[in-house]
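Novice: Below you'll find the structure I mean.
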Amino acid sequence: MIVDAHADLLWEIWKEASEEKRELLVDEAIAAMINQNVLLQVLPIFVPEEVAEERKWEVMLEMIGIAEQMIFSRPEVIRVLKAEDLPSVERKIELKMVAIMLAVEGADALNIHTEQRLQVLHSFGIRMIGFTWNHSNWFGDGAFGTLHGGLSAHGIEAVVVCEQLGIIIDGAHLSEKAFWDLLKHSALPIAITHSNSAHVYAHPRNLTNEQIHSVVERGGCIGLNFVPFLLFDTNSEELQSEIQCWMNHLMTMLDQNARLHIGFGSDFWGADRMIEGINGPNDWSRFLEMAKSEQLLSENDWIRIGSENWLTFFRKMMK
Ligand SMILES: [Zn+2]
């Protein structure tokens, strides 16, 4: 059973102009999730940088519209709005369904009418938000940004609004300083939906052991992704296999007392390619096979990493 905290399916659909190809994409993606025992898939609304500032809010709503029309209209999709909507293993096997939760990745569009727009997003079913992508915006600094030296005052206000509304905050794309600011100004556990270990591969998108410790202590959850350039130096001659490298990230995270706080955040459709042998949700079982042959972890650990840790986190946060 799989819970995947991050995959860019909505962006992929939005980029596709042909209605027919869009339908096919969704058909294949949902079928793959169900066949591969994906219990819960989080789908972020991601408005790319190149969209003009004044169109960003409109594009955000357009993507929510795509989710409504093409995904939630399907009888095999369960919409996750509250803890009770989260799947249980038994129910899923019986019904052959997949639960979908909407999130936001990058909230440049919320620079004005922030509180109102957060309310609108919540009413449209958004239950998690990562405010920045890699650059800085009104909220604070993304992984590659330095504009504010952390979160802005406006960003700190938005954190409070999210806590009141019940929108989980995803710190995956924050700069390290913004991450620490978030922990300081939020009282709640946070999600890091798709980041890896900076100890294994130093990259601004990855988490230091100290950061991992703090997420764990706070009761948060971290999803590891399958993006090569976030896992190793893609320019150097790689001696290890890519799956071995992914396992190093996992084992390093587990060593930070994180057994109950690690899961998946694949980032499918979010990068040019995923690690070797893995192309999309059709490959979940192949991935598990590859990973299990690399390193001895108990079946219980795989159940926690595969689905239980994220489900426990979401249940706690959405009650
Ligand atoms: Zn991302």
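Naming works like this for the structure tokens: A, B, ... for the chains as they're shown, residue 1 at the start of each chain, ligands 1 onward in shown order.
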Extract, using only C-alpha atoms, all DNA, RNA and protein residues at most 8 Å from range 45-56 of chain A, discarding same-chain residues fewer than 5 positions from it, and format them as a PDB file with N, CA and C atoms, in the first residue's frame.

Specialist:
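To be explicit, this is the file written out as result-v9.pdb:
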ATOM      1  N   ASP A   8       3.031  15.662  -9.610  1.00  0.00           N
ATOM      2  CA  ASP A   8       2.576  16.826 -10.382  1.00  0.00           C
ATOM      3  C   ASP A   8       1.627  16.490 -11.532  1.00  0.00           C
ATOM      4  N   LEU A  10      -1.502  17.291 -11.959  1.00  0.00           N
ATOM      5  CA  LEU A  10      -2.359  18.408 -12.401  1.00  0.00           C
ATOM      6  C   LEU A  10      -1.598  19.358 -13.324  1.00  0.00           C
ATOM      7  N   TRP A  11      -0.349  19.579 -13.018  1.00  0.00           N
ATOM      8  CA  TRP A  11       0.496  20.428 -13.873  1.00  0.00           C
ATOM      9  C   TRP A  11       0.655  19.779 -15.256  1.00  0.00           C
ATOM     10  N   MET A  63      -6.539  25.099 -12.512  1.00  0.00           N
ATOM     11  CA  MET A  63      -6.066  23.754 -12.151  1.00  0.00           C
ATOM     12  C   MET A  63      -7.014  23.070 -11.164  1.00  0.00           C
ATOM     13  N   ILE A  64      -7.603  23.854 -10.267  1.00  0.00           N
ATOM     14  CA  ILE A  64      -8.609  23.273  -9.365  1.00  0.00           C
ATOM     15  C   ILE A  64      -9.789  22.784 -10.206  1.00  0.00           C
ATOM     16  N   LEU A 102      -6.042  17.483  -2.398  1.00  0.00           N
ATOM     17  CA  LEU A 102      -5.450  18.601  -3.129  1.00  0.00           C
ATOM     18  C   LEU A 102      -4.536  19.423  -2.221  1.00  0.00           C
ATOM     19  N   ALA A 103      -3.454  19.910  -2.825  1.00  0.00           N
ATOM     20  CA  ALA A 103      -2.505  20.760  -2.103  1.00  0.00           C
ATOM     21  C   ALA A 103      -2.076  21.898  -3.037  1.00  0.00           C
ATOM     22  N   VAL A 104      -1.222  22.758  -2.539  1.00  0.00           N
ATOM     23  CA  VAL A 104      -0.675  23.839  -3.360  1.00  0.00           C
ATOM     24  C   VAL A 104       0.841  23.802  -3.240  1.00  0.00           C
ATOM     25  N   GLU A 105       1.512  23.974  -4.373  1.00  0.00           N
ATOM     26  CA  GLU A 105       2.972  24.101  -4.369  1.00  0.00           C
ATOM     27  C   GLU A 105       3.319  25.446  -5.011  1.00  0.00           C
ATOM     28  N   GLY A 106       3.705  26.393  -4.183  1.00  0.00           N
ATOM     29  CA  GLY A 106       4.023  27.722  -4.699  1.00  0.00           C
ATOM     30  C   GLY A 106       2.785  28.593  -4.680  1.00  0.00           C
ATOM     31  N   ASP A 108       2.595  32.138  -5.086  1.00  0.00           N
ATOM     32  CA  ASP A 108       2.859  33.518  -5.529  1.00  0.00           C
ATOM     33  C   ASP A 108       1.538  34.281  -5.671  1.00  0.00           C
ATOM     34  N   ALA A 109       0.501  33.563  -6.119  1.00  0.00           N
ATOM     35  CA  ALA A 109      -0.795  34.182  -6.404  1.00  0.00           C
ATOM     36  C   ALA A 109      -1.504  34.700  -5.156  1.00  0.00           C
TER      37      ALA A 109
END

Novice: Near Asn257 in chain A, within 12 Å and counting only C-alpha atoms, which residues show up once chain neighbours fewer than 4 positions away are dropped, as number ranges by chain?

Specialist: A: 209-210, 212-217, 219, 250-253, 261-262

Novice: Write a file of the just-selected residues containing N, CA and C atoms, as a PDB file, in the first residue's frame.

Specialist:
ATOM      1  N   ASN A 209      20.459  16.918   8.855  1.00  0.00           N
ATOM      2  CA  ASN A 209      20.026  16.022   9.936  1.00  0.00           C
ATOM      3  C   ASN A 209      19.316  16.801  11.045  1.00  0.00           C
ATOM      4  N   GLU A 210      19.799  18.011  11.285  1.00  0.00           N
ATOM      5  CA  GLU A 210      19.180  18.858  12.306  1.00  0.00           C
ATOM      6  C   GLU A 210      17.724  19.189  11.937  1.00  0.00           C
ATOM      7  N   ILE A 212      15.816  17.416   9.969  1.00  0.00           N
ATOM      8  CA  ILE A 212      15.042  16.167  10.058  1.00  0.00           C
ATOM      9  C   ILE A 212      14.637  15.911  11.517  1.00  0.00           C
ATOM     10  N   HIS A 213      15.613  16.072  12.423  1.00  0.00           N
ATOM     11  CA  HIS A 213      15.343  15.921  13.854  1.00  0.00           C
ATOM     12  C   HIS A 213      14.182  16.799  14.294  1.00  0.00           C
ATOM     13  N   SER A 214      14.209  18.041  13.854  1.00  0.00           N
ATOM     14  CA  SER A 214      13.180  18.994  14.299  1.00  0.00           C
ATOM     15  C   SER A 214      11.810  18.638  13.754  1.00  0.00           C
ATOM     16  N   VAL A 215      11.751  18.182  12.496  1.00  0.00           N
ATOM     17  CA  VAL A 215      10.462  17.764  11.937  1.00  0.00           C
ATOM     18  C   VAL A 215       9.924  16.586  12.751  1.00  0.00           C
ATOM     19  N   VAL A 216      10.817  15.656  13.070  1.00  0.00           N
ATOM     20  CA  VAL A 216      10.427  14.464  13.833  1.00  0.00           C
ATOM     21  C   VAL A 216       9.933  14.853  15.225  1.00  0.00           C
ATOM     22  N   GLU A 217      10.706  15.696  15.895  1.00  0.00           N
ATOM     23  CA  GLU A 217      10.332  16.116  17.254  1.00  0.00           C
ATOM     24  C   GLU A 217       8.977  16.788  17.297  1.00  0.00           C
ATOM     25  N   GLY A 219       6.581  16.073  15.385  1.00  0.00           N
ATOM     26  CA  GLY A 219       5.524  15.140  14.953  1.00  0.00           C
ATOM     27  C   GLY A 219       5.154  15.293  13.493  1.00  0.00           C
ATOM     28  N   LEU A 250      17.281   7.190   2.413  1.00  0.00           N
ATOM     29  CA  LEU A 250      16.289   6.641   3.342  1.00  0.00           C
ATOM     30  C   LEU A 250      16.946   6.212   4.654  1.00  0.00           C
ATOM     31  N   MET A 251      18.046   5.455   4.553  1.00  0.00           N
ATOM     32  CA  MET A 251      18.672   4.938   5.770  1.00  0.00           C
ATOM     33  C   MET A 251      19.200   6.074   6.648  1.00  0.00           C
ATOM     34  N   THR A 252      19.731   7.126   6.011  1.00  0.00           N
ATOM     35  CA  THR A 252      20.229   8.276   6.771  1.00  0.00           C
ATOM     36  C   THR A 252      19.079   8.962   7.513  1.00  0.00           C
ATOM     37  N   MET A 253      17.945   9.065   6.847  1.00  0.00           N
ATOM     38  CA  MET A 253      16.783   9.671   7.513  1.00  0.00           C
ATOM     39  C   MET A 253      16.309   8.787   8.658  1.00  0.00           C
ATOM     40  N   HIS A 261       8.196   8.715  10.787  1.00  0.00           N
ATOM     41  CA  HIS A 261       7.998  10.050  10.198  1.00  0.00           C
ATOM     42  C   HIS A 261       8.495  10.159   8.762  1.00  0.00           C
ATOM     43  N   ILE A 262       8.715   9.015   8.112  1.00  0.00           N
ATOM     44  CA  ILE A 262       9.232   9.030   6.740  1.00  0.00           C
ATOM     45  C   ILE A 262       8.252   8.319   5.813  1.00  0.00           C
TER      46      ILE A 262
END

Novice: Once you count only C-alpha atoms and all ligand atoms, which residues end up within 12 Å of ligand 1, and could you hand them over as a PyMOL selection string?

Specialist: chain A and resi 5-8+11+43-48+103-106+129-135+142-143+170-174+192-196+205-206+223-227+230+265-271

Novice: Enter the distance from CA of Val159 in chain A to CA of Glu68 in chain A, in Å, rounded to one decimal.

Specialist: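 That distance, rounded to one decimal, is 26.4 Å.
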
Novice: Determine the nearest neighbour of Gly155 in chain A from the options A:Leu40, A:Leu110, A:Leu254, A:Ile167, counting only C-alpha atoms.

Specialist: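 With only C-alpha atoms as the atom set, the closest residue is A:Leu110.
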
Novice: If you run DSSP over the backbone, which residues in range 2-175 of chain A end up alpha helix (DSSP H)? Put them as an MDAnalysis selection string.

Specialist: chainID A and resid 9:15 19:35 56:66 89:95 114:123 153:165

Novice: Identify, on the basis of only C-alpha atoms, every residue whose closest approach to Phe287 in chain A does not exceed 9 Å; exclude the query and any residue fewer than 5 positions from it along the same chain; express the result as a list in words.

Specialist: Ile243, Gly277, Ile278 and Lys292 of chain A

Novice: Go ahead and save the picked residues with C-alpha atoms, as a PDB file, in the first residue's frame.

Specialist:
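Once everything was written out, this is result.pdb:
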ATOM      1  CA  ILE A 243      18.325   2.874  -6.206  1.00  0.00           C
ATOM      2  CA  GLY A 277      13.663   2.026 -13.782  1.00  0.00           C
ATOM      3  CA  ILE A 278      10.976   4.269 -12.288  1.00  0.00           C
ATOM      4  CA  LYS A 292      13.828  -4.206  -0.743  1.00  0.00           C
TER       5      LYS A 292
END

Novice: Which residues come within 12 Å of Gln69 in chain A, counting only C-alpha atoms, excluding same-chain residues fewer than 2 positions away, as a list in words?

Specialist: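 Contacts, with the query itself left out: Leu10, Ile13, Glu19, Arg22, Glu23, Val26, Glu62, Met63, Ile64, Gly65, Ile66, Ala67, Ile71, Phe72, Ser73 and Arg74 of chain A.
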
Novice: Measuring atom to atom with only C-alpha atoms, identify which of A:Leu151, A:Ile190, A:Met97, A:Ala158 is nearest to Ala178 in chain A.

Specialist: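 Closest to Ala178 in chain A of all the choices is A:Leu151.
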
Novice: Have a look at A:Ser123, A:Gln256, A:Asn235, A:Asn37 and name the one nearest to Val98 in chain A; count only C-alpha atoms.

Specialist: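 Checking each of A:Ser123, A:Gln256, A:Asn235, A:Asn37 against Val98 in chain A, counting only C-alpha atoms, the winner is A:Asn37.
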
Novice: Out of A:Met60, A:Leu81, A:Glu94, A:Met101, which residue has the shortest atom-to-atom distance to Arg117 in chain A when counting only C-alpha atoms?

Specialist: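 Checking each of A:Met60, A:Leu81, A:Glu94, A:Met101 against Arg117 in chain A, counting only C-alpha atoms, the winner is A:Met60.
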
Novice: Neighbouring residues of Arg259 in chain A were defined as those with any atom within 8 Å, considering only C-alpha atoms; residues of the same chain fewer than 5 positions away were excluded. Please report them as an MDAnalysis selection string.

Specialist: chainID A and resid 254 301 304:305

Novice: Store the residues of this selection in a file with C-alpha atoms, as an mmCIF file, in the first residue's frame.

Specialist:
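Result saved to result_5.cif:
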data_model
loop_
_atom_site.group_PDB
_atom_site.id
_atom_site.type_symbol
_atom_site.label_atom_id
_atom_site.label_comp_id
_atom_site.auth_asym_id
_atom_site.auth_seq_id
_atom_site.Cartn_x
_atom_site.Cartn_y
_atom_site.Cartn_z
ATOM 1 C CA LEU A 254 15.759 6.570 9.471
ATOM 2 C CA ASP A 301 9.194 -0.586 8.365
ATOM 3 C CA ARG A 304 5.197 2.515 7.794
ATOM 4 C CA ILE A 305 7.239 4.131 5.026
#

Novice: Name the residues in contact with Leu231 in chain A at a cut-off of 9 Å, using only C-alpha atoms, excluding same-chain residues fewer than 3 positions from it; report them as a list in words.

Specialist: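 What passes the distance filter is Asn196, Ser197, Ala198, Val200, Tyr201, Ala202, His203, Asn206, Asn225, Phe226, Val227, Pro228, Thr234, Glu242, Cys245, Trp246, His249 and Ile275 of chain A.
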
Novice: Could you work out how far CA of Ala99 in chain A lies from CA of Leu25 in chain A, giving the answer in Å with one decimal?

Specialist: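 Taking CA of Leu25 in chain A as the start and CA of Ala99 in chain A as the end point, the length is 17.7 Å.
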
Novice: Would you give me, as a PyMOL selection string, the residues in range 156-245 of chain A that DSSP reads as strand (DSSP E or B)?

Specialist: chain A and resi 168-170+174+191-192+197+207+221-224

Novice: Using only C-alpha atoms, which of the listed residues (A:Leu288, A:Ile112, A:Met317, A:Ile30) sits closest to Glu84 in chain A?

Specialist: A:Met317

Novice: As an exercise, work out the distance from CA of Met1 in chain A to CA of Arg286 in chain A in Å and give it to one decimal place.

Specialist: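 Taking CA of Met1 in chain A and CA of Arg286 in chain A, their separation equals 13.0 Å.
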